[in-house]
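**Q** I am attaching a structure below and will ask some questions about it afterwards.
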Amino acid sequence: MLSVELHTHSERSHDGRDPVDLLLEQAAAVGLDAIAVTDHDAIDASIEAADRAAEYGLVGIVGMEVTCAAGHVLAFGIEELVPSGLPYEETLDRIHDQGGIAVVPHPFQKTRHGVAAHIDDDQLASADAIEVYNSRLLTGRANRKAERFALKRDLPMTAGSDAHVSEMVGQAVTEVDADERSAAGILEAIAAGRTSVIGRRTPWHVSFRQAAGGAKRRVLRRLEDLR
């Protein structure tokens with residue numbers, strides 16, 4: 001079994017803080033086998049992380065968190081940016097056209113761009129997997145609802161730390177029964193449902209700090225853009 005972190009953000013996300021090297025260092029320090037950097041509507045840092053992962057003894061998976069018209073979708077195994085703002089089903093098609101897989105993160109969390117409020121159950125079930133444990137959900141109710149949905153529809157399940165600071169990398173891990181220690185092997189196993197999830201909730205004060213820090217960085221970047 002490989003321990004895989006599937007949901008992290010670098011400084012190149014509008015609300016991320018740390019550079020790629022700190023995310024990779026943390027992933028190696030906590031004993032992960034693989035990591036995907038999934039910045040919001042950006043792919044450059046993820047490609048860099050995948051290229052450098054072997055230096056840290058890790059498998060790098062290229063990915064991103066796409067903001068589609070319905071909410072957020074994680075794209076893995078892609079080579080090019082998936083545009084934001086497209087309808088949910090077209091977003092999944094764009095991911096699949098690149099040979100990637102589409103995983104829906106925090107689907108029932110309305111305040112964090114969960115898609116479930118804007119699509120029906122059959123559309124949600126058309127994803128390749130559902131993130132059923134997200135470390136940044138404070139009550140756990142939405143996680144449990146996601147898990148129940150995945151079990152009912154017999155969908156593969158993943159976990160993710162949704163780390164916006166490097167020290168939270170590894171809070172939630174997807175254990176993957178892959179045939180080989182490679183990005184392709186990991187994604188194939190996820191799509192086949194050979195996964196289990198483990199995780200710890202992000203401490204509330206860290207979640208608050210991540211959110212506050214992200215809001216401050218967004219304001220500063222907008223001010224910079226106006227100059």
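Each chain in the structure tokens gets a letter, A, B, ..., in the order shown, and its residues are numbered from 1; ligands are numbered from 1 in order too.
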At a cut-off of 7 Å, using only C-alpha atoms, what residues contact segment 36-47 of chain A? Leave out same-chain residues fewer than 6 positions from it and give the result as a ChimeraX atom specification.

**A** /A:5-10,12-13,20,60-67,81,84

**Q** So that I can check the surroundings of Asp18 of chain A, please list as JSON, numbers by chain every protein, DNA and RNA residue that reaches within 12 Å of it, counting only C-alpha atoms and ignoring chain neighbours fewer than 2 positions away.

**A** {"A": [8, 9, 10, 11, 12, 13, 14, 15, 16, 20, 21, 22, 23, 24, 25, 26, 37, 39, 45, 163, 164, 165, 166, 167, 168, 169, 210, 213, 214, 217]}

**Q** With N, CA and C atoms retained, could you export that selection as a PDB file, in the first residue's frame?

**A**
```
ATOM      1  N   THR A   8      -3.270  19.365  -1.882  1.00  0.00           N
ATOM      2  CA  THR A   8      -2.404  20.366  -1.260  1.00  0.00           C
ATOM      3  C   THR A   8      -2.335  21.608  -2.144  1.00  0.00           C
ATOM      4  N   HIS A   9      -1.970  22.708  -1.523  1.00  0.00           N
ATOM      5  CA  HIS A   9      -1.870  23.978  -2.248  1.00  0.00           C
ATOM      6  C   HIS A   9      -0.526  24.652  -1.961  1.00  0.00           C
ATOM      7  N   SER A  10       0.075  25.162  -3.012  1.00  0.00           N
ATOM      8  CA  SER A  10       1.338  25.890  -2.885  1.00  0.00           C
ATOM      9  C   SER A  10       1.067  27.393  -2.868  1.00  0.00           C
ATOM     10  N   GLU A  11       2.131  28.166  -2.840  1.00  0.00           N
ATOM     11  CA  GLU A  11       2.022  29.621  -2.860  1.00  0.00           C
ATOM     12  C   GLU A  11       1.403  30.139  -4.155  1.00  0.00           C
ATOM     13  N   ARG A  12       1.313  29.264  -5.159  1.00  0.00           N
ATOM     14  CA  ARG A  12       0.742  29.705  -6.430  1.00  0.00           C
ATOM     15  C   ARG A  12      -0.771  29.581  -6.483  1.00  0.00           C
ATOM     16  N   SER A  13      -1.371  29.019  -5.423  1.00  0.00           N
ATOM     17  CA  SER A  13      -2.811  29.168  -5.232  1.00  0.00           C
ATOM     18  C   SER A  13      -3.065  30.544  -4.636  1.00  0.00           C
ATOM     19  N   HIS A  14      -4.225  31.105  -4.915  1.00  0.00           N
ATOM     20  CA  HIS A  14      -4.518  32.451  -4.391  1.00  0.00           C
ATOM     21  C   HIS A  14      -4.535  32.477  -2.869  1.00  0.00           C
ATOM     22  N   ASP A  15      -4.770  31.297  -2.245  1.00  0.00           N
ATOM     23  CA  ASP A  15      -4.828  31.254  -0.792  1.00  0.00           C
ATOM     24  C   ASP A  15      -3.767  30.343  -0.184  1.00  0.00           C
ATOM     25  N   GLY A  16      -2.763  29.959  -0.976  1.00  0.00           N
ATOM     26  CA  GLY A  16      -1.681  29.128  -0.465  1.00  0.00           C
ATOM     27  C   GLY A  16      -0.522  29.966   0.047  1.00  0.00           C
ATOM     28  N   VAL A  20       6.878  25.004  -3.376  1.00  0.00           N
ATOM     29  CA  VAL A  20       6.838  23.567  -3.645  1.00  0.00           C
ATOM     30  C   VAL A  20       7.827  22.795  -2.790  1.00  0.00           C
ATOM     31  N   ASP A  21       9.029  23.323  -2.606  1.00  0.00           N
ATOM     32  CA  ASP A  21      10.037  22.545  -1.884  1.00  0.00           C
ATOM     33  C   ASP A  21       9.630  22.263  -0.446  1.00  0.00           C
ATOM     34  N   LEU A  22       8.908  23.185   0.195  1.00  0.00           N
ATOM     35  CA  LEU A  22       8.464  22.936   1.563  1.00  0.00           C
ATOM     36  C   LEU A  22       7.378  21.866   1.617  1.00  0.00           C
ATOM     37  N   LEU A  23       6.504  21.843   0.618  1.00  0.00           N
ATOM     38  CA  LEU A  23       5.490  20.793   0.565  1.00  0.00           C
ATOM     39  C   LEU A  23       6.138  19.427   0.380  1.00  0.00           C
ATOM     40  N   LEU A  24       7.143  19.352  -0.492  1.00  0.00           N
ATOM     41  CA  LEU A  24       7.832  18.085  -0.732  1.00  0.00           C
ATOM     42  C   LEU A  24       8.616  17.644   0.498  1.00  0.00           C
ATOM     43  N   GLU A  25       9.276  18.586   1.156  1.00  0.00           N
ATOM     44  CA  GLU A  25      10.021  18.261   2.380  1.00  0.00           C
ATOM     45  C   GLU A  25       9.097  17.694   3.451  1.00  0.00           C
ATOM     46  N   GLN A  26       7.940  18.305   3.622  1.00  0.00           N
ATOM     47  CA  GLN A  26       7.005  17.824   4.636  1.00  0.00           C
ATOM     48  C   GLN A  26       6.468  16.437   4.273  1.00  0.00           C
ATOM     49  N   VAL A  37       0.293  18.260  -5.865  1.00  0.00           N
ATOM     50  CA  VAL A  37       0.004  19.662  -5.574  1.00  0.00           C
ATOM     51  C   VAL A  37      -1.187  20.040  -6.453  1.00  0.00           C
ATOM     52  N   ASP A  39      -3.182  23.144  -6.971  1.00  0.00           N
ATOM     53  CA  ASP A  39      -3.491  24.561  -6.828  1.00  0.00           C
ATOM     54  C   ASP A  39      -4.797  24.911  -7.524  1.00  0.00           C
ATOM     55  N   ALA A  45       2.954  24.832 -10.618  1.00  0.00           N
ATOM     56  CA  ALA A  45       3.619  24.336  -9.411  1.00  0.00           C
ATOM     57  C   ALA A  45       3.494  22.830  -9.295  1.00  0.00           C
ATOM     58  N   ALA A 163      -4.248  20.983   2.415  1.00  0.00           N
ATOM     59  CA  ALA A 163      -3.267  21.808   3.122  1.00  0.00           C
ATOM     60  C   ALA A 163      -2.952  23.075   2.328  1.00  0.00           C
ATOM     61  N   HIS A 164      -3.066  24.203   2.988  1.00  0.00           N
ATOM     62  CA  HIS A 164      -2.671  25.485   2.391  1.00  0.00           C
ATOM     63  C   HIS A 164      -1.381  26.011   3.019  1.00  0.00           C
ATOM     64  N   VAL A 165      -0.879  25.268   4.004  1.00  0.00           N
ATOM     65  CA  VAL A 165       0.429  25.528   4.603  1.00  0.00           C
ATOM     66  C   VAL A 165       1.147  24.193   4.694  1.00  0.00           C
ATOM     67  N   SER A 166       2.450  24.210   4.563  1.00  0.00           N
ATOM     68  CA  SER A 166       3.195  22.959   4.406  1.00  0.00           C
ATOM     69  C   SER A 166       3.067  22.024   5.601  1.00  0.00           C
ATOM     70  N   GLU A 167       2.953  22.570   6.818  1.00  0.00           N
ATOM     71  CA  GLU A 167       2.944  21.695   7.981  1.00  0.00           C
ATOM     72  C   GLU A 167       1.702  20.821   8.072  1.00  0.00           C
ATOM     73  N   MET A 168       0.679  21.115   7.287  1.00  0.00           N
ATOM     74  CA  MET A 168      -0.535  20.297   7.303  1.00  0.00           C
ATOM     75  C   MET A 168      -0.517  19.195   6.246  1.00  0.00           C
ATOM     76  N   VAL A 169       0.511  19.126   5.424  1.00  0.00           N
ATOM     77  CA  VAL A 169       0.627  18.035   4.451  1.00  0.00           C
ATOM     78  C   VAL A 169       0.708  16.706   5.201  1.00  0.00           C
ATOM     79  N   GLN A 210      -5.086  29.465   8.351  1.00  0.00           N
ATOM     80  CA  GLN A 210      -4.984  29.271   6.906  1.00  0.00           C
ATOM     81  C   GLN A 210      -5.977  30.158   6.164  1.00  0.00           C
ATOM     82  N   GLY A 213      -4.931  33.848   6.543  1.00  0.00           N
ATOM     83  CA  GLY A 213      -3.754  34.101   5.724  1.00  0.00           C
ATOM     84  C   GLY A 213      -4.089  34.129   4.249  1.00  0.00           C
ATOM     85  N   GLY A 214      -4.988  33.223   3.837  1.00  0.00           N
ATOM     86  CA  GLY A 214      -5.396  33.196   2.438  1.00  0.00           C
ATOM     87  C   GLY A 214      -6.125  34.458   2.037  1.00  0.00           C
ATOM     88  N   ARG A 217      -3.592  37.257   1.659  1.00  0.00           N
ATOM     89  CA  ARG A 217      -2.802  37.133   0.433  1.00  0.00           C
ATOM     90  C   ARG A 217      -3.625  37.503  -0.802  1.00  0.00           C
TER      91      ARG A 217
END
```

**Q** Per residue of segment 86-117 of chain A within 12 Å of segment 148-158 of chain A, which atom pair is closest and at what distance in Å (one decimal), using only C-alpha atoms, listed by chain and increasing number, as JSON lines?

**A**
```
{"residue": "A:Ile101", "atom": "CA", "partner": "A:Pro156", "partner_atom": "CA", "distance": 11.4}
{"residue": "A:Ala102", "atom": "CA", "partner": "A:Pro156", "partner_atom": "CA", "distance": 11.1}
{"residue": "A:Val103", "atom": "CA", "partner": "A:Thr158", "partner_atom": "CA", "distance": 8.1}
{"residue": "A:Val104", "atom": "CA", "partner": "A:Thr158", "partner_atom": "CA", "distance": 9.3}
{"residue": "A:Pro105", "atom": "CA", "partner": "A:Thr158", "partner_atom": "CA", "distance": 8.7}
{"residue": "A:His106", "atom": "CA", "partner": "A:Thr158", "partner_atom": "CA", "distance": 10.5}
{"residue": "A:Pro107", "atom": "CA", "partner": "A:Phe149", "partner_atom": "CA", "distance": 10.0}
{"residue": "A:Phe108", "atom": "CA", "partner": "A:Phe149", "partner_atom": "CA", "distance": 10.0}
{"residue": "A:Ala116", "atom": "CA", "partner": "A:Phe149", "partner_atom": "CA", "distance": 10.8}
```

**Q** Under the rule that only C-alpha atoms are counted, which of A:Val197, A:Ala34, A:Ala125, A:Ala28 is the nearest residue to Leu92 of chain A?

**A**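 Closest to Leu92 of chain A, using only C-alpha atoms: A:Ala125.
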
**Q** Using DSSP on the backbone, list every residue of segment 3-216 of chain A that comes out as helix (DSSP H, G or I), and give them as a PyMOL selection string.

**A** chain A and resi 20-29+44-56+88-97+110-112+115-117+121-125+141-153+166-168+183-191+204-216

**Q** Between atom CA of Ser3 of chain A and atom CA of Leu32 of chain A, what is the spacing in Å?

**A** 5.2 Å

**Q** Atom CA of Arg112 of chain A and atom CA of Asp162 of chain A, how far apart in Å?

**A** 11.3 Å

**Q** If we count only C-alpha atoms and set the cut-off at 8 Å, which residues sit around Arg136 of chain A, ignoring sequence neighbours fewer than 3 positions away in its own chain? Please answer as a ChimeraX atom specification.

**A** /A:161-162,201-202,207

**Q** Generate the output file for the selected residues, C-alpha atoms, as an mmCIF file, in the first residue's frame.

**A**
```cif
data_model
loop_
_atom_site.group_PDB
_atom_site.id
_atom_site.type_symbol
_atom_site.label_atom_id
_atom_site.label_comp_id
_atom_site.auth_asym_id
_atom_site.auth_seq_id
_atom_site.Cartn_x
_atom_site.Cartn_y
_atom_site.Cartn_z
ATOM 1 C CA SER A 161 -5.442 17.305 3.766
ATOM 2 C CA ASP A 162 -6.440 20.330 1.675
ATOM 3 C CA ARG A 201 -8.927 16.901 11.407
ATOM 4 C CA THR A 202 -6.918 20.066 10.925
ATOM 5 C CA SER A 207 -7.813 26.226 9.793
#
```

**Q** Pick the closest to Cys68 of chain A from A:Gly140, A:Gly31, A:Gly99, A:Gly114: which is it, counting only C-alpha atoms?

**A**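 Smallest distance to Cys68 of chain A is found for A:Gly114.
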
**Q** For a test of reading the model, state the distance in Å between atom CA of Met1 of chain A and atom CA of Ala178 of chain A, rounded to one decimal.

**A** 6.7 Å

**Q** I need the strand (DSSP E or B) residues of segment 39-122 of chain A per DSSP on the backbone, written as a VMD selection string.

**A** chain A and resid 40 59 to 68 71 to 76 101 to 104

**Q** Go through A:Leu137, A:Ala75, A:Ala172, A:Ala70 one by one, measure the shortest atom-to-atom distance of each to Gln123 of chain A using only C-alpha atoms, and give the residue with the smallest value.

**A** A:Ala70
